[in-house]
>>> print(open('target.csv').read())   # CSV, C-alpha atoms and all ligand atoms
chain,number,residue,atom,x,y,z
A,1,MET,CA,-17.3,-8.9,-14.2
A,2,SER,CA,-17.6,-5.3,-15.3
A,3,HIS,CA,-18.0,-6.3,-18.9
A,4,ASN,CA,-20.8,-8.7,-18.0
A,5,ARG,CA,-22.6,-6.0,-16.0
A,6,ARG,CA,-22.4,-3.5,-18.9
A,7,ARG,CA,-23.9,-6.1,-21.3
A,8,VAL,CA,-26.7,-6.8,-18.9
A,9,CYS,CA,-27.4,-3.1,-18.6
A,10,LEU,CA,-27.5,-2.6,-22.3
A,11,LYS,CA,-30.0,-5.5,-22.8
A,12,SER,CA,-32.2,-4.2,-20.0
A,13,THR,CA,-32.3,-0.7,-21.6
A,14,LEU,CA,-33.3,-2.1,-24.9
A,15,LEU,CA,-36.0,-4.3,-23.6
A,16,PHE,CA,-37.7,-1.8,-21.2
A,17,ALA,CA,-36.6,1.6,-22.4
A,18,ILE,CA,-36.2,2.4,-18.7
A,19,PRO,CA,-32.5,2.3,-17.8
A,20,ILE,CA,-32.6,-0.4,-15.3
A,21,CYS,CA,-28.9,-0.2,-15.1
A,22,LEU,CA,-29.3,3.1,-13.4
A,23,LEU,CA,-31.1,1.3,-10.6
A,24,ALA,CA,-28.3,-1.2,-10.5
A,25,ALA,CA,-25.8,1.6,-10.3
A,26,PHE,CA,-27.6,3.1,-7.3
A,27,ALA,CA,-27.8,-0.4,-5.7
A,28,GLN,CA,-24.0,-0.6,-5.8
A,29,PRO,CA,-22.4,1.1,-2.7
A,30,SER,CA,-19.4,1.9,-4.9
A,31,PRO,CA,-19.6,1.2,-8.6
A,32,THR,CA,-17.0,-1.0,-10.0
A,33,HIS,CA,-14.6,0.4,-12.6
A,34,PRO,CA,-13.3,-1.5,-15.6
A,35,ASP,CA,-9.8,-0.3,-14.8
A,36,SER,CA,-9.3,-0.1,-11.0
A,37,ILE,CA,-6.1,-0.5,-9.1
A,38,VAL,CA,-5.5,-0.7,-5.3
A,39,VAL,CA,-2.1,-0.2,-3.9
A,40,PHE,CA,-1.7,-1.5,-0.3
A,41,ALA,CA,1.0,0.3,1.7
A,42,PRO,CA,2.0,-1.2,5.1
A,43,HIS,CA,3.1,2.3,6.1
A,44,PRO,CA,2.4,5.7,4.5
A,45,ASP,CA,5.3,6.1,2.0
A,46,ASP,CA,5.6,2.5,0.8
A,47,GLU,CA,3.1,3.3,-2.0
A,48,VAL,CA,5.3,5.9,-3.6
A,49,ILE,CA,8.5,4.0,-3.0
A,50,GLY,CA,7.2,1.0,-4.9
A,51,CYS,CA,4.3,2.2,-7.1
A,52,ALA,CA,4.5,5.9,-7.8
A,53,GLY,CA,5.0,5.3,-11.5
A,54,VAL,CA,2.2,2.7,-11.7
A,55,ILE,CA,-0.1,5.1,-9.8
A,56,MET,CA,0.5,8.1,-12.1
A,57,GLN,CA,0.2,6.0,-15.2
A,58,ALA,CA,-3.1,4.5,-14.1
A,59,LEU,CA,-4.4,8.0,-13.2
A,60,ALA,CA,-3.3,9.3,-16.6
A,61,ARG,CA,-5.3,6.6,-18.4
A,62,GLY,CA,-8.4,7.3,-16.4
A,63,ALA,CA,-8.2,4.3,-14.0
A,64,GLN,CA,-9.7,4.4,-10.6
A,65,VAL,CA,-6.8,4.4,-8.1
A,66,LYS,CA,-7.0,3.8,-4.3
A,67,VAL,CA,-4.1,3.7,-1.9
A,68,VAL,CA,-4.6,1.9,1.3
A,69,ALA,CA,-2.4,2.7,4.3
A,70,ILE,CA,-2.8,-0.5,6.4
A,71,THR,CA,-1.0,1.1,9.4
A,72,SER,CA,-0.6,4.8,10.2
A,73,GLY,CA,3.1,4.5,10.4
A,74,ASP,CA,2.9,5.2,14.1
A,75,GLY,CA,5.4,2.7,15.4
A,76,PHE,CA,8.7,4.3,14.4
A,77,PRO,CA,10.4,5.8,17.5
A,78,ALA,CA,13.4,7.3,15.7
A,79,ALA,CA,11.0,9.1,13.3
A,80,ALA,CA,8.7,10.2,16.2
A,81,ALA,CA,11.8,11.7,17.9
A,82,GLY,CA,12.8,13.4,14.6
A,83,VAL,CA,9.4,15.0,14.2
A,84,THR,CA,9.0,16.2,17.8
A,85,HIS,CA,12.7,17.1,18.4
A,86,LYS,CA,12.9,14.9,21.4
A,87,PRO,CA,15.4,12.2,22.4
A,88,VAL,CA,14.3,8.8,21.2
A,89,ASP,CA,13.9,7.4,24.7
A,90,GLN,CA,11.6,10.3,25.7
A,91,VAL,CA,8.9,10.0,23.0
A,92,GLY,CA,5.4,9.2,24.2
A,93,PRO,CA,2.0,8.4,22.8
A,94,ASP,CA,1.3,12.0,21.7
A,95,ASP,CA,4.5,12.1,19.7
A,96,PHE,CA,3.6,8.9,17.9
A,97,LEU,CA,0.2,10.4,17.1
A,98,ALA,CA,2.0,13.5,15.7
A,99,LEU,CA,4.1,11.3,13.5
A,100,SER,CA,1.0,9.4,12.4
A,101,ARG,CA,-0.8,12.7,11.5
A,102,LEU,CA,2.2,13.9,9.5
A,103,ARG,CA,2.7,10.7,7.6
A,104,GLN,CA,-1.0,10.6,6.6
A,105,THR,CA,-0.7,14.3,5.4
A,106,GLU,CA,2.4,13.4,3.4
A,107,SER,CA,0.7,10.5,1.7
A,108,ARG,CA,-2.3,12.6,0.8
A,109,THR,CA,0.0,15.3,-0.7
A,110,ALA,CA,2.1,12.7,-2.5
A,111,LEU,CA,-1.1,11.3,-4.1
A,112,GLU,CA,-1.9,14.8,-5.4
A,113,ILE,CA,1.6,15.1,-6.9
A,114,LEU,CA,1.0,11.9,-8.8
A,115,GLY,CA,-2.2,13.3,-10.3
A,116,GLY,CA,-4.7,11.8,-7.8
A,117,ARG,CA,-7.0,13.2,-5.1
A,118,ALA,CA,-6.0,13.3,-1.5
A,119,ASP,CA,-9.2,11.5,-0.6
A,120,ASP,CA,-8.2,8.5,-2.6
A,121,LEU,CA,-6.0,7.6,0.3
A,122,ILE,CA,-7.8,5.1,2.6
A,123,VAL,CA,-6.4,4.7,6.1
A,124,PHE,CA,-7.1,1.5,7.8
A,125,GLY,CA,-5.2,2.6,10.9
A,126,TYR,CA,-3.9,-0.8,12.2
A,127,PRO,CA,-0.8,-0.7,14.5
A,128,ASP,CA,2.6,-0.1,12.9
A,129,SER,CA,5.0,-2.9,14.0
A,130,ASP,CA,2.2,-5.2,15.1
A,131,LEU,CA,0.9,-6.5,11.8
A,132,GLY,CA,2.9,-9.7,12.0
A,133,ASN,CA,1.6,-10.3,15.6
A,134,LEU,CA,-1.9,-9.7,14.4
A,135,TYR,CA,-1.5,-12.1,11.5
A,136,ASP,CA,-0.1,-14.8,13.8
A,137,SER,CA,-2.8,-14.3,16.4
A,138,THR,CA,-5.5,-17.0,16.3
A,139,ASP,CA,-7.2,-16.6,19.7
A,140,GLY,CA,-9.2,-13.4,19.0
A,141,LYS,CA,-6.8,-11.3,21.1
A,142,ILE,CA,-7.2,-7.6,20.9
A,143,PHE,CA,-3.8,-5.9,20.7
A,144,ARG,CA,-2.8,-2.6,22.4
A,145,GLN,CA,0.0,-0.9,20.4
A,146,GLN,CA,2.9,-0.2,22.7
A,147,PHE,CA,3.7,3.3,21.2
A,148,THR,CA,0.3,5.0,20.9
A,149,LYS,CA,-1.5,2.8,23.5
A,150,LYS,CA,-4.4,2.6,21.0
A,151,ASN,CA,-6.3,-0.7,20.7
A,152,GLU,CA,-8.6,0.2,17.8
A,153,THR,CA,-8.3,1.7,14.4
A,154,TYR,CA,-8.0,5.5,14.0
A,155,ALA,CA,-6.9,8.1,11.6
A,156,LEU,CA,-6.3,11.8,12.4
A,157,ILE,CA,-6.5,13.7,9.1
A,158,GLN,CA,-9.5,11.8,7.9
A,159,LYS,CA,-11.8,9.0,9.3
A,160,ASP,CA,-10.2,5.6,9.4
A,161,TYR,CA,-11.8,3.1,7.0
A,162,HIS,CA,-13.8,1.1,9.5
A,163,THR,CA,-15.3,4.2,11.1
A,164,SER,CA,-16.2,5.7,7.8
A,165,VAL,CA,-18.0,2.6,6.7
A,166,HIS,CA,-19.4,1.3,10.0
A,167,GLY,CA,-19.6,4.4,12.2
A,168,LYS,CA,-17.1,3.0,14.7
A,169,PRO,CA,-13.5,1.8,14.8
A,170,ALA,CA,-12.4,-1.8,14.6
A,171,PRO,CA,-10.5,-3.5,17.4
A,172,TYR,CA,-6.9,-4.3,16.8
A,173,GLN,CA,-7.7,-8.0,16.0
A,174,ARG,CA,-6.7,-10.4,13.3
A,175,SER,CA,-10.3,-10.8,12.1
A,176,SER,CA,-10.7,-7.0,11.8
A,177,VAL,CA,-7.8,-6.6,9.4
A,178,LEU,CA,-9.1,-9.5,7.2
A,179,GLY,CA,-12.7,-8.2,7.5
A,180,ASP,CA,-11.8,-4.7,6.3
A,181,LEU,CA,-9.7,-6.1,3.4
A,182,VAL,CA,-12.5,-8.5,2.3
A,183,GLU,CA,-15.0,-5.8,2.4
A,184,LEU,CA,-12.9,-3.3,0.6
A,185,LEU,CA,-12.0,-5.8,-2.2
A,186,THR,CA,-15.7,-6.7,-2.5
A,187,THR,CA,-16.7,-3.1,-2.8
A,188,LEU,CA,-14.0,-1.9,-5.1
A,189,GLN,CA,-13.6,-5.0,-7.2
A,190,PRO,CA,-10.1,-3.9,-8.4
A,191,THR,CA,-8.6,-5.2,-11.6
A,192,GLU,CA,-5.1,-4.9,-10.2
A,193,ILE,CA,-3.8,-5.3,-6.7
A,194,TYR,CA,-0.3,-4.2,-5.5
A,195,VAL,CA,1.1,-5.1,-2.1
A,196,THR,CA,4.6,-5.6,-0.6
A,197,ASP,CA,6.3,-8.9,-1.3
A,198,GLU,CA,6.5,-11.8,1.1
A,199,THR,CA,10.4,-11.8,0.9
A,200,ASP,CA,10.5,-8.2,2.3
A,201,GLY,CA,12.8,-7.7,5.3
A,202,HIS,CA,10.2,-5.8,7.3
A,203,ILE,CA,7.6,-8.0,9.2
A,204,ASP,CA,4.8,-5.5,8.6
A,205,HIS,CA,5.5,-5.7,4.8
A,206,ARG,CA,5.4,-9.5,4.9
A,207,ALA,CA,2.2,-9.5,7.0
A,208,ALA,CA,0.6,-7.1,4.6
A,209,PHE,CA,1.2,-9.6,1.9
A,210,TRP,CA,-0.3,-12.5,3.9
A,211,PHE,CA,-3.4,-10.5,4.8
A,212,VAL,CA,-4.0,-9.2,1.3
A,213,ARG,CA,-3.4,-12.6,-0.2
A,214,ASP,CA,-5.8,-14.3,2.2
A,215,ALA,CA,-8.5,-11.6,1.6
A,216,ALA,CA,-8.1,-11.9,-2.2
A,217,ARG,CA,-8.5,-15.7,-1.9
A,218,GLN,CA,-11.5,-15.3,0.3
A,219,VAL,CA,-13.3,-13.1,-2.2
A,220,GLY,CA,-12.3,-15.2,-5.2
A,221,TYR,CA,-10.3,-12.4,-6.7
A,222,LYS,CA,-9.4,-13.1,-10.3
A,223,GLY,CA,-7.6,-9.9,-11.3
A,224,ALA,CA,-3.8,-9.2,-11.5
A,225,PHE,CA,-1.9,-9.5,-8.2
A,226,TYR,CA,1.5,-7.8,-8.1
A,227,THR,CA,4.0,-7.5,-5.4
A,228,TYR,CA,6.7,-4.8,-4.9
A,229,LEU,CA,9.9,-4.8,-2.9
A,230,VAL,CA,11.0,-2.2,-0.4
A,231,HIS,CA,13.3,-3.8,2.2
A,232,GLY,CA,14.8,-6.3,-0.1
A,233,LEU,CA,17.4,-8.6,1.3
A,234,PRO,CA,20.3,-8.6,1.8
A,235,SER,CA,20.4,-5.1,0.3
A,236,TRP,CA,18.1,-3.2,-2.1
A,237,PRO,CA,17.8,-1.5,-4.5
A,238,PHE,CA,20.7,-1.5,-7.0
A,239,PRO,CA,22.1,0.9,-8.1
A,240,PRO,CA,21.8,2.3,-4.5
A,241,GLU,CA,21.3,5.9,-5.5
A,242,ILE,CA,18.9,8.0,-7.6
A,243,THR,CA,19.4,6.8,-11.1
A,244,PRO,CA,16.4,7.9,-13.2
A,245,ASN,CA,18.1,6.8,-16.4
A,246,LEU,CA,19.0,3.3,-15.2
A,247,ARG,CA,16.9,0.1,-14.6
A,248,PHE,CA,16.9,-1.9,-11.4
A,249,GLU,CA,19.7,-4.4,-11.2
A,250,SER,CA,20.3,-7.7,-9.4
A,251,ARG,CA,23.7,-7.8,-7.7
A,252,LYS,CA,25.8,-10.2,-5.6
A,253,VAL,CA,26.2,-9.1,-2.0
A,254,ASP,CA,28.7,-11.2,0.0
A,255,GLY,CA,28.3,-14.0,-2.4
A,256,GLU,CA,24.5,-13.9,-2.3
A,257,VAL,CA,22.3,-12.7,-5.1
A,258,ALA,CA,20.0,-9.8,-4.2
A,259,PRO,CA,17.1,-9.5,-4.1
A,260,ARG,CA,16.9,-12.7,-2.1
A,261,GLY,CA,14.2,-15.2,-2.9
A,262,LEU,CA,12.9,-13.6,-6.0
A,263,PRO,CA,13.4,-14.4,-9.7
A,264,TRP,CA,15.5,-12.1,-11.8
A,265,PRO,CA,14.6,-10.5,-14.2
A,266,PRO,CA,11.3,-9.7,-12.5
A,267,PRO,CA,8.2,-10.9,-14.4
A,268,ARG,CA,6.9,-7.3,-14.8
A,269,ARG,CA,9.0,-4.2,-15.6
A,270,VAL,CA,7.1,-0.9,-16.0
A,271,PRO,CA,9.1,1.7,-17.8
A,272,LEU,CA,8.9,5.3,-16.5
A,273,THR,CA,9.5,8.4,-18.7
A,274,PRO,CA,12.2,10.8,-17.3
A,275,GLU,CA,9.3,13.2,-16.4
A,276,GLN,CA,7.5,10.3,-14.5
A,277,ALA,CA,10.8,9.5,-12.7
A,278,GLN,CA,11.2,13.1,-11.6
A,279,ARG,CA,7.6,13.2,-10.4
A,280,LYS,CA,8.2,10.0,-8.5
A,281,LEU,CA,11.2,11.6,-6.8
A,282,LYS,CA,9.0,14.6,-5.9
A,283,SER,CA,6.4,12.3,-4.3
A,284,ILE,CA,9.0,10.5,-2.3
A,285,GLN,CA,10.5,13.8,-1.2
A,286,THR,CA,7.1,14.7,0.2
A,287,HIS,CA,7.9,12.1,2.9
A,288,ASN,CA,10.8,14.0,4.4
A,289,ILE,CA,10.7,13.0,8.1
A,290,PRO,CA,14.0,13.4,9.9
A,291,VAL,CA,14.8,10.0,11.4
A,292,ILE,CA,17.2,10.1,14.4
A,293,GLY,CA,20.2,7.9,13.9
A,294,LEU,CA,19.4,7.1,10.2
A,295,PRO,CA,21.0,10.0,8.3
A,296,ASN,CA,20.7,8.0,5.0
A,297,HIS,CA,17.0,7.3,5.4
A,298,GLN,CA,15.8,9.9,2.8
A,299,LYS,CA,18.5,9.0,0.4
A,300,GLU,CA,17.6,5.3,0.6
A,301,MET,CA,14.0,6.1,-0.2
A,302,GLU,CA,15.0,8.2,-3.1
A,303,SER,CA,17.2,5.5,-4.5
A,304,PHE,CA,14.0,3.8,-5.7
A,305,VAL,CA,13.8,6.4,-8.5
A,306,LYS,CA,14.8,4.5,-11.6
A,307,SER,CA,13.8,4.3,-15.2
A,308,GLU,CA,11.3,1.6,-14.3
A,309,GLU,CA,9.3,0.0,-11.5
A,310,VAL,CA,9.5,-3.8,-11.0
A,311,PHE,CA,6.9,-6.2,-9.8
A,312,TRP,CA,6.6,-9.9,-9.1
A,313,THR,CA,3.6,-12.2,-9.4
A,314,PRO,CA,3.9,-14.8,-6.6
A,315,LEU,CA,0.3,-16.0,-6.9
A,316,ALA,CA,0.2,-16.4,-10.6
A,317,HIS,CA,0.3,-20.2,-10.4
A,318,SER,CA,-1.2,-20.8,-7.0
A,319,ARG,CA,-4.7,-19.2,-7.3
B,1,ZN,ZN,7.0,0.3,5.2
>>> encode(input="target.csv", output="structure tokens")
Amino acid sequence: MSHNRRRVCLKSTLLFAIPICLLAAFAQPSPTHPDSIVVFAPHPDDEVIGCAGVIMQALARGAQVKVVAITSGDGFPAAAAGVTHKPVDQVGPDDFLALSRLRQTESRTALEILGGRADDLIVFGYPDSDLGNLYDSTDGKIFRQQFTKKNETYALIQKDYHTSVHGKPAPYQRSSVLGDLVELLTTLQPTEIYVTDETDGHIDHRAAFWFVRDAARQVGYKGAFYTYLVHGLPSWPFPPEITPNLRFESRKVDGEVAPRGLPWPPPRRVPLTPEQAQRKLKSIQTHNIPVIGLPNHQKEMESFVKSEEVFWTPLAHSR
């Protein structure tokens, strides 16, 4: 589409001397870019765990990069407790908002570490831990998140997406998520989409896939559609530690091949230079929230630092 538009502009300029394409550019709320990637993160941190290398490589070649945090990461009691130094059973709405604020800040900082701008983070602000319920909801029900008590989109460091575009937040409703996604894809017209895989062990990650898949179909998206894996089952990743010189491996766990439900080798492997792997590590370390009861949480995130990133293409034959 971008190529077609450029050709039309050229022809118009030649015919009328007046650069009509300039008018077209102003008519577009956000001009499309011939190389534009959107990384969807169910929670702030998933984008660097799965896609830090892809993000920094895209930025280095001059692509437009947007990271979309679908939720604010505000439904993780053990992390809210770690951030506010309270027992897990005593954290309240303000503590979850403090966690949300911190996680947004961390994602903005991580994006800068990868060579991007903090403002290229888009926060949808849907409820962490409720994405699956939202996807399954068919009766127009508006959800109230149990942790923050919020029932509409919000962001604390910046405006949430819906407020920034429409001047008011969107209710926590299935149609709101899909509507924001359809609108965003229509505006940005990305050439590559990245989202968590449908086989992921976390329901928010699976629901993110379902929502983004449905939105892509609704807008007739024809670009590349890649998925990445965070909570792979029964265990992931291998090797299970920081190994910047080694590729991801498939292994057998209790007689079952991991990662479950996905072809191996993966259809797309993106090599990272040692420098890129180190920068990925730094971007993951930006997300350094203490999580009560999960002492290995940070180490597990950092174990995604390998000599490559791996992606699947589940929609390659179904669109
Ligand atoms: Zn996540």
>>> residues_near_ligand(input="target.csv", ligand="ligand ZN 1 (chain B)", cutoff="12 Å", atoms="only C-alpha atoms and all ligand atoms", output="MDAnalysis selection string")
chainID A and resid 40:50 69:76 103 128:129 131 195:197 200:209 228:232 301
>>> closest_residue(input="target.csv", among="A:Val68, A:Ala63, A:Leu246, A:Lys159", to="Val212 of chain A", atoms="all atoms listed in the file")
A:Val68
>>> atom_distance(input="target.csv", atom1="atom CA of Thr286 of chain A", atom2="atom CA of Glu106 of chain A")
5.8 Å
>>> atom_distance(input="target.csv", atom1="atom CA of Gly53 of chain A", atom2="atom CA of Val270 of chain A")
7.9 Å
>>> residues_around(input="target.csv", residues="Gly92 of chain A", least_positions_apart="4", cutoff="12 Å", atoms="all atoms listed in the file", output="MDAnalysis selection string")
chainID A and resid 74:78 80:81 84 86:88 96:99 146:149
>>> decode(input="target.csv", residues="segment 81-93 of chain A", atoms="all heavy atoms", output="PDB file, in the first residue's frame")
ATOM      1  N   ALA A  81       3.259  -6.048  46.060  1.00  0.00           N
ATOM      2  CA  ALA A  81       3.802  -6.166  47.421  1.00  0.00           C
ATOM      3  C   ALA A  81       5.296  -5.866  47.433  1.00  0.00           C
ATOM      4  O   ALA A  81       5.800  -5.178  48.325  1.00  0.00           O
ATOM      5  CB  ALA A  81       3.523  -7.568  47.960  1.00  0.00           C
ATOM      6  N   GLY A  82       5.994  -6.353  46.424  1.00  0.00           N
ATOM      7  CA  GLY A  82       7.440  -6.111  46.348  1.00  0.00           C
ATOM      8  C   GLY A  82       7.763  -4.639  46.181  1.00  0.00           C
ATOM      9  O   GLY A  82       8.703  -4.117  46.780  1.00  0.00           O
ATOM     10  N   VAL A  83       6.963  -3.958  45.375  1.00  0.00           N
ATOM     11  CA  VAL A  83       7.197  -2.540  45.097  1.00  0.00           C
ATOM     12  C   VAL A  83       6.874  -1.678  46.312  1.00  0.00           C
ATOM     13  O   VAL A  83       7.569  -0.703  46.606  1.00  0.00           O
ATOM     14  CB  VAL A  83       6.350  -2.103  43.878  1.00  0.00           C
ATOM     15  CG1 VAL A  83       6.308  -0.597  43.741  1.00  0.00           C
ATOM     16  CG2 VAL A  83       6.904  -2.737  42.613  1.00  0.00           C
ATOM     17  N   THR A  84       5.823  -2.035  47.032  1.00  0.00           N
ATOM     18  CA  THR A  84       5.367  -1.173  48.135  1.00  0.00           C
ATOM     19  C   THR A  84       5.828  -1.679  49.508  1.00  0.00           C
ATOM     20  O   THR A  84       5.482  -1.076  50.532  1.00  0.00           O
ATOM     21  CB  THR A  84       3.825  -1.079  48.134  1.00  0.00           C
ATOM     22  OG1 THR A  84       3.278  -2.409  48.228  1.00  0.00           O
ATOM     23  CG2 THR A  84       3.321  -0.442  46.843  1.00  0.00           C
ATOM     24  N   HIS A  85       6.589  -2.779  49.515  1.00  0.00           N
ATOM     25  CA  HIS A  85       7.118  -3.351  50.761  1.00  0.00           C
ATOM     26  C   HIS A  85       6.002  -3.676  51.750  1.00  0.00           C
ATOM     27  O   HIS A  85       6.083  -3.371  52.944  1.00  0.00           O
ATOM     28  CB  HIS A  85       8.135  -2.383  51.406  1.00  0.00           C
ATOM     29  CG  HIS A  85       9.206  -1.938  50.453  1.00  0.00           C
ATOM     30  ND1 HIS A  85      10.195  -2.775  49.998  1.00  0.00           N
ATOM     31  CD2 HIS A  85       9.416  -0.749  49.840  1.00  0.00           C
ATOM     32  CE1 HIS A  85      10.979  -2.127  49.145  1.00  0.00           C
ATOM     33  NE2 HIS A  85      10.521  -0.895  49.030  1.00  0.00           N
ATOM     34  N   LYS A  86       4.956  -4.279  51.235  1.00  0.00           N
ATOM     35  CA  LYS A  86       3.845  -4.699  52.096  1.00  0.00           C
ATOM     36  C   LYS A  86       3.661  -6.216  51.967  1.00  0.00           C
ATOM     37  O   LYS A  86       4.056  -6.797  50.957  1.00  0.00           O
ATOM     38  CB  LYS A  86       2.540  -4.037  51.639  1.00  0.00           C
ATOM     39  CG  LYS A  86       2.446  -2.548  51.906  1.00  0.00           C
ATOM     40  CD  LYS A  86       1.068  -2.050  51.471  1.00  0.00           C
ATOM     41  CE  LYS A  86       0.924  -0.567  51.743  1.00  0.00           C
ATOM     42  NZ  LYS A  86      -0.376  -0.050  51.268  1.00  0.00           N
ATOM     43  N   PRO A  87       3.030  -6.829  52.960  1.00  0.00           N
ATOM     44  CA  PRO A  87       2.668  -8.243  52.780  1.00  0.00           C
ATOM     45  C   PRO A  87       1.679  -8.374  51.616  1.00  0.00           C
ATOM     46  O   PRO A  87       0.865  -7.471  51.387  1.00  0.00           O
ATOM     47  CB  PRO A  87       1.993  -8.620  54.104  1.00  0.00           C
ATOM     48  CG  PRO A  87       2.416  -7.570  55.072  1.00  0.00           C
ATOM     49  CD  PRO A  87       2.648  -6.315  54.275  1.00  0.00           C
ATOM     50  N   VAL A  88       1.754  -9.499  50.912  1.00  0.00           N
ATOM     51  CA  VAL A  88       0.921  -9.678  49.713  1.00  0.00           C
ATOM     52  C   VAL A  88      -0.564  -9.528  50.039  1.00  0.00           C
ATOM     53  O   VAL A  88      -1.334  -8.972  49.248  1.00  0.00           O
ATOM     54  CB  VAL A  88       1.191 -11.061  49.068  1.00  0.00           C
ATOM     55  CG1 VAL A  88       0.277 -11.287  47.868  1.00  0.00           C
ATOM     56  CG2 VAL A  88       2.643 -11.173  48.626  1.00  0.00           C
ATOM     57  N   ASP A  89      -0.978  -9.992  51.236  1.00  0.00           N
ATOM     58  CA  ASP A  89      -2.413  -9.950  51.541  1.00  0.00           C
ATOM     59  C   ASP A  89      -2.877  -8.561  52.021  1.00  0.00           C
ATOM     60  O   ASP A  89      -4.031  -8.381  52.382  1.00  0.00           O
ATOM     61  CB  ASP A  89      -2.782 -11.027  52.568  1.00  0.00           C
ATOM     62  CG  ASP A  89      -2.017 -10.864  53.881  1.00  0.00           C
ATOM     63  OD1 ASP A  89      -1.201  -9.914  53.982  1.00  0.00           O
ATOM     64  OD2 ASP A  89      -2.233 -11.688  54.788  1.00  0.00           O
ATOM     65  N   GLN A  90      -1.948  -7.595  52.015  1.00  0.00           N
ATOM     66  CA  GLN A  90      -2.361  -6.247  52.458  1.00  0.00           C
ATOM     67  C   GLN A  90      -2.259  -5.189  51.366  1.00  0.00           C
ATOM     68  O   GLN A  90      -2.414  -3.998  51.628  1.00  0.00           O
ATOM     69  CB  GLN A  90      -1.511  -5.824  53.656  1.00  0.00           C
ATOM     70  CG  GLN A  90      -1.926  -6.547  54.928  1.00  0.00           C
ATOM     71  CD  GLN A  90      -1.089  -6.158  56.130  1.00  0.00           C
ATOM     72  OE1 GLN A  90      -0.545  -5.063  56.205  1.00  0.00           O
ATOM     73  NE2 GLN A  90      -0.980  -7.081  57.079  1.00  0.00           N
ATOM     74  N   VAL A  91      -1.978  -5.612  50.134  1.00  0.00           N
ATOM     75  CA  VAL A  91      -1.888  -4.606  49.068  1.00  0.00           C
ATOM     76  C   VAL A  91      -3.290  -4.208  48.605  1.00  0.00           C
ATOM     77  O   VAL A  91      -4.197  -5.037  48.529  1.00  0.00           O
ATOM     78  CB  VAL A  91      -1.050  -5.107  47.866  1.00  0.00           C
ATOM     79  CG1 VAL A  91       0.420  -5.166  48.224  1.00  0.00           C
ATOM     80  CG2 VAL A  91      -1.552  -6.441  47.344  1.00  0.00           C
ATOM     81  N   GLY A  92      -3.439  -2.913  48.337  1.00  0.00           N
ATOM     82  CA  GLY A  92      -4.734  -2.375  47.909  1.00  0.00           C
ATOM     83  C   GLY A  92      -4.610  -1.656  46.573  1.00  0.00           C
ATOM     84  O   GLY A  92      -3.538  -1.631  45.966  1.00  0.00           O
ATOM     85  N   PRO A  93      -5.725  -1.019  46.116  1.00  0.00           N
ATOM     86  CA  PRO A  93      -5.741  -0.375  44.799  1.00  0.00           C
ATOM     87  C   PRO A  93      -4.573   0.588  44.564  1.00  0.00           C
ATOM     88  O   PRO A  93      -3.968   0.575  43.494  1.00  0.00           O
ATOM     89  CB  PRO A  93      -7.083   0.361  44.796  1.00  0.00           C
ATOM     90  CG  PRO A  93      -7.957  -0.470  45.658  1.00  0.00           C
ATOM     91  CD  PRO A  93      -7.060  -0.984  46.756  1.00  0.00           C
TER      92      PRO A  93
END
